[in-house]
Structure formats: structure tokens, C-alpha cells
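**Student:** So I've got this file, model-v6.cif, and it contains mmCIF, N, CA and C atoms:
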data_model
loop_
_atom_site.label_atom_id
_atom_site.label_comp_id
_atom_site.auth_asym_id
_atom_site.auth_seq_id
_atom_site.Cartn_x
_atom_site.Cartn_y
_atom_site.Cartn_z
N MET A 1 -10.24 -67.93 -16.83
CA MET A 1 -9.86 -66.77 -17.59
C MET A 1 -9.43 -67.22 -18.97
N ALA A 2 -9.99 -66.64 -19.97
CA ALA A 2 -9.76 -67.08 -21.33
C ALA A 2 -8.34 -66.84 -21.79
N GLY A 3 -7.78 -65.67 -21.53
CA GLY A 3 -6.48 -65.34 -22.07
C GLY A 3 -5.34 -65.49 -21.08
N SER A 4 -5.54 -66.19 -19.98
CA SER A 4 -4.49 -66.29 -18.98
C SER A 4 -3.38 -67.22 -19.46
N PRO A 5 -2.14 -66.93 -19.07
CA PRO A 5 -1.03 -67.77 -19.50
C PRO A 5 -1.08 -69.11 -18.81
N ALA A 6 -0.66 -70.14 -19.51
CA ALA A 6 -0.62 -71.48 -18.93
C ALA A 6 0.82 -71.80 -18.56
N LEU A 7 1.00 -72.52 -17.47
CA LEU A 7 2.33 -72.97 -17.11
C LEU A 7 2.72 -74.11 -18.03
N LYS A 8 3.97 -74.19 -18.36
CA LYS A 8 4.44 -75.20 -19.29
C LYS A 8 5.29 -76.21 -18.54
N ILE A 9 5.01 -77.49 -18.75
CA ILE A 9 5.82 -78.54 -18.15
C ILE A 9 7.10 -78.65 -18.97
N VAL A 10 8.24 -78.58 -18.29
CA VAL A 10 9.52 -78.58 -18.99
C VAL A 10 10.33 -79.79 -18.56
N ARG A 11 10.88 -80.50 -19.54
CA ARG A 11 11.81 -81.60 -19.27
C ARG A 11 13.16 -81.20 -19.83
N HIS A 12 14.19 -81.36 -19.06
CA HIS A 12 15.54 -81.03 -19.51
C HIS A 12 16.24 -82.30 -19.93
N THR A 13 16.78 -82.30 -21.13
CA THR A 13 17.48 -83.46 -21.65
C THR A 13 18.89 -83.07 -22.04
N LYS A 14 19.86 -83.86 -21.62
CA LYS A 14 21.25 -83.65 -22.01
C LYS A 14 21.41 -84.06 -23.46
N PRO A 15 22.45 -83.58 -24.15
CA PRO A 15 22.70 -83.99 -25.53
C PRO A 15 22.80 -85.51 -25.70
N SER A 16 23.23 -86.21 -24.65
CA SER A 16 23.35 -87.66 -24.73
C SER A 16 21.99 -88.35 -24.72
N GLY A 17 20.93 -87.60 -24.42
CA GLY A 17 19.59 -88.19 -24.36
C GLY A 17 19.14 -88.51 -22.95
N ASP A 18 20.06 -88.42 -21.98
CA ASP A 18 19.69 -88.68 -20.59
C ASP A 18 18.85 -87.53 -20.06
N VAL A 19 17.89 -87.84 -19.20
CA VAL A 19 16.98 -86.84 -18.68
C VAL A 19 17.49 -86.37 -17.33
N MET A 20 17.50 -85.04 -17.13
CA MET A 20 17.91 -84.47 -15.85
C MET A 20 16.74 -84.56 -14.88
N LYS A 21 17.03 -85.00 -13.67
CA LYS A 21 16.03 -85.03 -12.61
C LYS A 21 16.64 -84.34 -11.41
N GLY A 22 16.21 -83.12 -11.17
CA GLY A 22 16.81 -82.34 -10.10
C GLY A 22 18.27 -82.07 -10.41
N PRO A 23 19.14 -82.05 -9.40
CA PRO A 23 20.53 -81.75 -9.66
C PRO A 23 21.32 -82.93 -10.19
N ARG A 24 20.77 -84.15 -10.12
CA ARG A 24 21.50 -85.33 -10.57
C ARG A 24 20.95 -85.83 -11.90
N LEU A 25 21.77 -86.56 -12.59
CA LEU A 25 21.38 -87.12 -13.87
C LEU A 25 20.74 -88.49 -13.67
N ALA A 26 19.56 -88.68 -14.23
CA ALA A 26 18.91 -89.99 -14.19
C ALA A 26 19.42 -90.75 -15.40
N SER A 27 20.48 -91.54 -15.21
CA SER A 27 21.12 -92.17 -16.36
C SER A 27 20.47 -93.50 -16.71
N GLY A 28 20.85 -94.01 -17.85
CA GLY A 28 20.31 -95.27 -18.33
C GLY A 28 19.51 -95.03 -19.59
N GLY A 29 19.16 -96.11 -20.27
CA GLY A 29 18.42 -96.01 -21.52
C GLY A 29 17.02 -95.45 -21.33
N GLN A 30 16.34 -95.83 -20.27
CA GLN A 30 14.99 -95.34 -19.99
C GLN A 30 15.07 -94.15 -19.05
N SER A 31 14.16 -93.24 -19.22
CA SER A 31 14.11 -92.07 -18.36
C SER A 31 13.58 -92.46 -16.99
N ALA A 32 14.27 -92.03 -15.93
CA ALA A 32 13.80 -92.30 -14.57
C ALA A 32 12.74 -91.30 -14.15
N ALA A 33 12.71 -90.15 -14.82
CA ALA A 33 11.72 -89.12 -14.48
C ALA A 33 10.41 -89.44 -15.19
N LYS A 34 9.35 -89.55 -14.41
CA LYS A 34 8.06 -89.81 -15.05
C LYS A 34 7.43 -88.49 -15.46
N PRO A 35 6.86 -88.41 -16.65
CA PRO A 35 6.27 -87.15 -17.09
C PRO A 35 5.09 -86.77 -16.22
N THR A 36 4.94 -85.47 -15.98
CA THR A 36 3.85 -84.98 -15.14
C THR A 36 2.53 -85.06 -15.88
N VAL A 37 2.56 -84.70 -17.16
CA VAL A 37 1.34 -84.64 -17.96
C VAL A 37 1.62 -85.28 -19.32
N ALA A 38 0.74 -86.16 -19.75
CA ALA A 38 0.87 -86.72 -21.09
C ALA A 38 0.59 -85.63 -22.10
N ALA A 39 1.12 -85.78 -23.31
CA ALA A 39 1.01 -84.74 -24.33
C ALA A 39 -0.44 -84.41 -24.68
N ASN A 40 -1.33 -85.38 -24.62
CA ASN A 40 -2.72 -85.15 -25.04
C ASN A 40 -3.66 -84.87 -23.88
N GLU A 41 -3.15 -84.73 -22.66
CA GLU A 41 -4.00 -84.47 -21.49
C GLU A 41 -3.87 -83.01 -21.04
N PRO A 42 -4.96 -82.44 -20.54
CA PRO A 42 -4.83 -81.08 -19.98
C PRO A 42 -4.02 -81.14 -18.69
N PRO A 43 -3.41 -80.02 -18.28
CA PRO A 43 -2.65 -80.04 -17.04
C PRO A 43 -3.58 -80.30 -15.86
N PRO A 44 -3.05 -80.85 -14.77
CA PRO A 44 -3.89 -81.13 -13.60
C PRO A 44 -4.44 -79.84 -13.00
N PHE A 45 -5.58 -79.96 -12.34
CA PHE A 45 -6.26 -78.82 -11.72
C PHE A 45 -5.46 -78.28 -10.54
N THR A 46 -4.84 -79.18 -9.78
CA THR A 46 -4.06 -78.77 -8.62
C THR A 46 -2.61 -79.18 -8.79
N MET A 47 -1.75 -78.56 -7.98
CA MET A 47 -0.32 -78.83 -8.04
C MET A 47 0.21 -79.12 -6.64
N THR A 48 1.17 -80.02 -6.55
CA THR A 48 1.86 -80.28 -5.29
C THR A 48 3.02 -79.31 -5.15
N ASP A 49 3.64 -79.31 -3.97
CA ASP A 49 4.82 -78.47 -3.78
C ASP A 49 5.94 -78.87 -4.73
N ALA A 50 6.08 -80.17 -4.98
CA ALA A 50 7.12 -80.64 -5.90
C ALA A 50 6.85 -80.18 -7.33
N GLU A 51 5.59 -80.16 -7.75
CA GLU A 51 5.25 -79.70 -9.10
C GLU A 51 5.50 -78.20 -9.25
N ILE A 52 5.15 -77.44 -8.22
CA ILE A 52 5.43 -75.99 -8.26
C ILE A 52 6.94 -75.78 -8.30
N ALA A 53 7.66 -76.51 -7.48
CA ALA A 53 9.12 -76.38 -7.44
C ALA A 53 9.72 -76.67 -8.81
N ARG A 54 9.27 -77.73 -9.43
CA ARG A 54 9.80 -78.10 -10.74
C ARG A 54 9.53 -77.01 -11.78
N GLU A 55 8.33 -76.46 -11.77
CA GLU A 55 7.97 -75.44 -12.76
C GLU A 55 8.67 -74.11 -12.50
N LEU A 56 8.94 -73.79 -11.24
CA LEU A 56 9.62 -72.54 -10.91
C LEU A 56 11.14 -72.72 -10.81
N ARG A 57 11.58 -73.96 -10.99
CA ARG A 57 13.01 -74.31 -10.90
C ARG A 57 13.58 -73.95 -9.53
N LEU A 58 12.84 -74.35 -8.52
CA LEU A 58 13.25 -74.21 -7.12
C LEU A 58 13.18 -75.58 -6.48
N SER A 59 13.66 -75.71 -5.26
CA SER A 59 13.54 -76.99 -4.56
C SER A 59 12.19 -77.05 -3.85
N ALA A 60 11.74 -78.26 -3.58
CA ALA A 60 10.50 -78.45 -2.83
C ALA A 60 10.65 -77.87 -1.42
N LYS A 61 11.86 -77.94 -0.88
CA LYS A 61 12.11 -77.39 0.45
C LYS A 61 11.92 -75.86 0.43
N THR A 62 12.38 -75.21 -0.64
CA THR A 62 12.19 -73.76 -0.77
C THR A 62 10.72 -73.43 -0.88
N ILE A 63 9.97 -74.22 -1.63
CA ILE A 63 8.52 -73.99 -1.74
C ILE A 63 7.86 -74.15 -0.38
N GLY A 64 8.29 -75.14 0.39
CA GLY A 64 7.76 -75.33 1.75
C GLY A 64 8.05 -74.14 2.64
N ARG A 65 9.28 -73.62 2.55
CA ARG A 65 9.65 -72.43 3.34
C ARG A 65 8.82 -71.22 2.91
N MET A 66 8.66 -71.06 1.59
CA MET A 66 7.87 -69.93 1.10
C MET A 66 6.43 -70.02 1.61
N ASN A 67 5.88 -71.23 1.65
CA ASN A 67 4.52 -71.40 2.16
C ASN A 67 4.47 -71.10 3.65
N ASP A 68 5.45 -71.60 4.40
CA ASP A 68 5.50 -71.33 5.85
C ASP A 68 5.62 -69.83 6.14
N ASP A 69 6.34 -69.12 5.26
CA ASP A 69 6.54 -67.68 5.42
C ASP A 69 5.40 -66.87 4.79
N ARG A 70 4.38 -67.56 4.30
CA ARG A 70 3.19 -66.94 3.69
C ARG A 70 3.55 -66.10 2.46
N LYS A 71 4.47 -66.63 1.66
CA LYS A 71 4.88 -65.96 0.42
C LYS A 71 4.26 -66.61 -0.81
N LEU A 72 3.48 -67.65 -0.61
CA LEU A 72 2.74 -68.32 -1.69
C LEU A 72 1.25 -68.12 -1.44
N PRO A 73 0.42 -68.27 -2.48
CA PRO A 73 -1.03 -68.24 -2.24
C PRO A 73 -1.45 -69.35 -1.27
N GLN A 74 -2.61 -69.18 -0.68
CA GLN A 74 -3.14 -70.14 0.28
C GLN A 74 -3.34 -71.50 -0.38
N PRO A 75 -2.75 -72.57 0.16
CA PRO A 75 -2.99 -73.89 -0.41
C PRO A 75 -4.34 -74.45 0.03
N VAL A 76 -4.76 -75.50 -0.65
CA VAL A 76 -5.97 -76.23 -0.30
C VAL A 76 -5.53 -77.50 0.41
N VAL A 77 -6.16 -77.85 1.52
CA VAL A 77 -5.81 -79.07 2.23
C VAL A 77 -6.69 -80.19 1.69
N VAL A 78 -6.06 -81.23 1.17
CA VAL A 78 -6.76 -82.39 0.62
C VAL A 78 -6.52 -83.55 1.58
N GLY A 79 -7.58 -84.16 2.03
CA GLY A 79 -7.43 -85.23 3.01
C GLY A 79 -7.04 -84.66 4.35
N ALA A 80 -6.22 -85.39 5.08
CA ALA A 80 -5.84 -84.95 6.42
C ALA A 80 -4.72 -83.91 6.41
N ARG A 81 -3.69 -84.12 5.54
CA ARG A 81 -2.53 -83.23 5.60
C ARG A 81 -1.93 -82.86 4.25
N SER A 82 -2.48 -83.31 3.17
CA SER A 82 -1.89 -83.05 1.86
C SER A 82 -2.24 -81.65 1.36
N LEU A 83 -1.20 -80.87 1.07
CA LEU A 83 -1.41 -79.51 0.56
C LEU A 83 -1.35 -79.53 -0.97
N ARG A 84 -2.26 -78.80 -1.58
CA ARG A 84 -2.27 -78.63 -3.04
C ARG A 84 -2.58 -77.17 -3.33
N TRP A 85 -2.10 -76.69 -4.46
CA TRP A 85 -2.39 -75.34 -4.92
C TRP A 85 -3.16 -75.44 -6.22
N VAL A 86 -4.18 -74.61 -6.37
CA VAL A 86 -4.95 -74.57 -7.60
C VAL A 86 -4.05 -73.94 -8.67
N ARG A 87 -3.88 -74.64 -9.78
CA ARG A 87 -2.98 -74.21 -10.85
C ARG A 87 -3.27 -72.76 -11.29
N GLN A 88 -4.54 -72.44 -11.49
CA GLN A 88 -4.90 -71.10 -11.96
C GLN A 88 -4.50 -70.03 -10.95
N THR A 89 -4.58 -70.34 -9.67
CA THR A 89 -4.16 -69.39 -8.63
C THR A 89 -2.67 -69.13 -8.72
N ILE A 90 -1.88 -70.17 -8.97
CA ILE A 90 -0.43 -70.00 -9.12
C ILE A 90 -0.13 -69.16 -10.36
N VAL A 91 -0.84 -69.39 -11.45
CA VAL A 91 -0.66 -68.60 -12.67
C VAL A 91 -0.96 -67.12 -12.39
N GLU A 92 -2.05 -66.85 -11.68
CA GLU A 92 -2.43 -65.47 -11.34
C GLU A 92 -1.39 -64.84 -10.41
N TRP A 93 -0.88 -65.61 -9.46
CA TRP A 93 0.13 -65.13 -8.52
C TRP A 93 1.40 -64.75 -9.26
N LEU A 94 1.82 -65.57 -10.20
CA LEU A 94 3.01 -65.26 -11.01
C LEU A 94 2.78 -64.00 -11.84
N ALA A 95 1.60 -63.89 -12.45
CA ALA A 95 1.28 -62.73 -13.28
C ALA A 95 1.24 -61.45 -12.45
N ALA A 96 0.91 -61.58 -11.16
CA ALA A 96 0.84 -60.41 -10.26
C ALA A 96 2.22 -60.03 -9.73
N GLY A 97 3.25 -60.79 -10.07
CA GLY A 97 4.59 -60.46 -9.61
C GLY A 97 5.01 -61.16 -8.34
N CYS A 98 4.33 -62.24 -7.96
CA CYS A 98 4.66 -63.06 -6.79
C CYS A 98 4.61 -62.29 -5.47
N PRO A 99 3.51 -61.58 -5.21
CA PRO A 99 3.41 -60.86 -3.93
C PRO A 99 3.22 -61.84 -2.77
N ASP A 100 3.37 -61.36 -1.54
CA ASP A 100 3.11 -62.22 -0.39
C ASP A 100 1.62 -62.57 -0.35
N ARG A 101 1.28 -63.55 0.45
CA ARG A 101 -0.09 -64.08 0.50
C ARG A 101 -1.13 -63.02 0.82
N ALA A 102 -0.88 -62.19 1.83
CA ALA A 102 -1.86 -61.19 2.25
C ALA A 102 -2.13 -60.19 1.12
N THR A 103 -1.06 -59.72 0.48
CA THR A 103 -1.22 -58.77 -0.62
C THR A 103 -1.96 -59.40 -1.79
N PHE A 104 -1.58 -60.62 -2.13
CA PHE A 104 -2.21 -61.31 -3.24
C PHE A 104 -3.70 -61.50 -2.99
N GLU A 105 -4.05 -61.97 -1.80
CA GLU A 105 -5.48 -62.21 -1.48
C GLU A 105 -6.24 -60.88 -1.45
N ALA A 106 -5.63 -59.83 -0.91
CA ALA A 106 -6.31 -58.52 -0.87
C ALA A 106 -6.54 -58.00 -2.28
N ASN A 107 -5.57 -58.16 -3.17
CA ASN A 107 -5.72 -57.71 -4.55
C ASN A 107 -6.78 -58.53 -5.29
N ARG A 108 -6.86 -59.82 -5.00
CA ARG A 108 -7.88 -60.66 -5.66
C ARG A 108 -9.28 -60.27 -5.21
N LYS A 109 -9.44 -59.98 -3.92
CA LYS A 109 -10.77 -59.63 -3.39
C LYS A 109 -11.17 -58.21 -3.74
N GLY A 110 -10.15 -57.31 -3.73
CA GLY A 110 -10.45 -55.90 -3.96
C GLY A 110 -10.30 -55.46 -5.39
N GLY A 111 -9.97 -56.35 -6.29
CA GLY A 111 -9.84 -55.99 -7.69
C GLY A 111 -8.48 -55.43 -8.06
N GLY A 112 -7.50 -55.49 -7.14
CA GLY A 112 -6.14 -55.09 -7.47
C GLY A 112 -5.90 -53.60 -7.48
N SER A 113 -6.57 -52.86 -6.62
CA SER A 113 -6.38 -51.40 -6.60
C SER A 113 -5.06 -50.97 -6.07
#
Show me this structure written as C-alpha cells.
**Tutor:**
Amino acid sequence: MAGSPALKIVRHTKPSGDVMKGPRLASGGQSAAKPTVAANEPPPFTMTDAEIARELRLSAKTIGRMNDDRKLPQPVVVGARSLRWVRQTIVEWLAAGCPDRATFEANRKGGGS
């Protein structure tokens, strides 16, 4: 989709220059948090539960619960057990107001009536 919104990777930095990683501070001169995407690279095609959690400012455990409760779009299984979500699907799900999986899939197939 040409005009669809893109998710933005956000890094939180304290005034001291230390980078926040989750609820704890990753202290020291070097950042302990590794960047998800380099500045000159496009965002990845798929996202892990941890990447979705970071972008939505939720915990990975909450994302897992939401998936178990079918409140997230259908993930793609990569390999034997690795779950990934297509980034564009997550963007569309957010734009639709975060409906449950069944509603979201029905709206995508039926044109959102």
C-alpha cells in the first residue's frame, strides 16, 4: 500500500545518555540494547513478538497472551515453532483499531463492510 503508515523504531535515552531497555536501565558507556534496524536499511518484512512488544510498548508476555487469545492477526510459522508477523499486517491491524483476529480477517477478506 503506497500511503500506509510505517511503524517507527523508537529508542528511549535518559538525559545521561544511557539507553533504556525494558523496565531497567542498560548502564555503561556503550548501549546494551542493539538497534533493530540500521538507519539506512528498510524495516524487516516480519516481526517477532518481542519486536511487536517493543513497538507497542507492551511486554512480550502480553503479546503472547494476546496471540493465544486470538487478539492479534494470524502469525506465520517459520521453521518448526518460530512465530513471526508480517509487518504490513500489523500496520493494517493497528489502522483498523486492533480488532480481534476473526473480525480483522473477515474485514480484510470482505473489504471491511
**Student:** Assuming the chain letters and numbering stay as they are in my file, what does the PyMOL selection byres ((chain A and resi 102) around 8) actually select? List them as an NGL selection string.
**Tutor:** :A and (70-74 or 99-101 or 103-108)
**Student:** Work out how far apart atom C of Pro43 in chain A and atom C of Ile90 in chain A are and give it in Å to one decimal.
**Tutor:**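 Computed distance, atom C of Pro43 in chain A to atom C of Ile90 in chain A, equals 12.9 Å.
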**Student:** Rounded to one decimal place, report the atom N of Arg54 in chain A-CA of Gly79 in chain A distance in Å.
**Tutor:**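 Distance between the two atoms: 22.1 Å.
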**Student:** In Å, rounded to a single decimal, give me how far atom C of Ala50 in chain A is from atom C of Arg84 in chain A.
**Tutor:**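 Computing the Euclidean distance for atom C of Arg84 in chain A and atom C of Ala50 in chain A yields 10.7 Å.
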**Student:** Counting only N, CA and C atoms, which of A:Pro44, A:Asp49, A:Leu94, A:Thr89 gets nearest to Lys61 in chain A?
**Tutor:**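 Going through A:Pro44, A:Asp49, A:Leu94, A:Thr89 one by one, the smallest distance to Lys61 in chain A is for A:Asp49.
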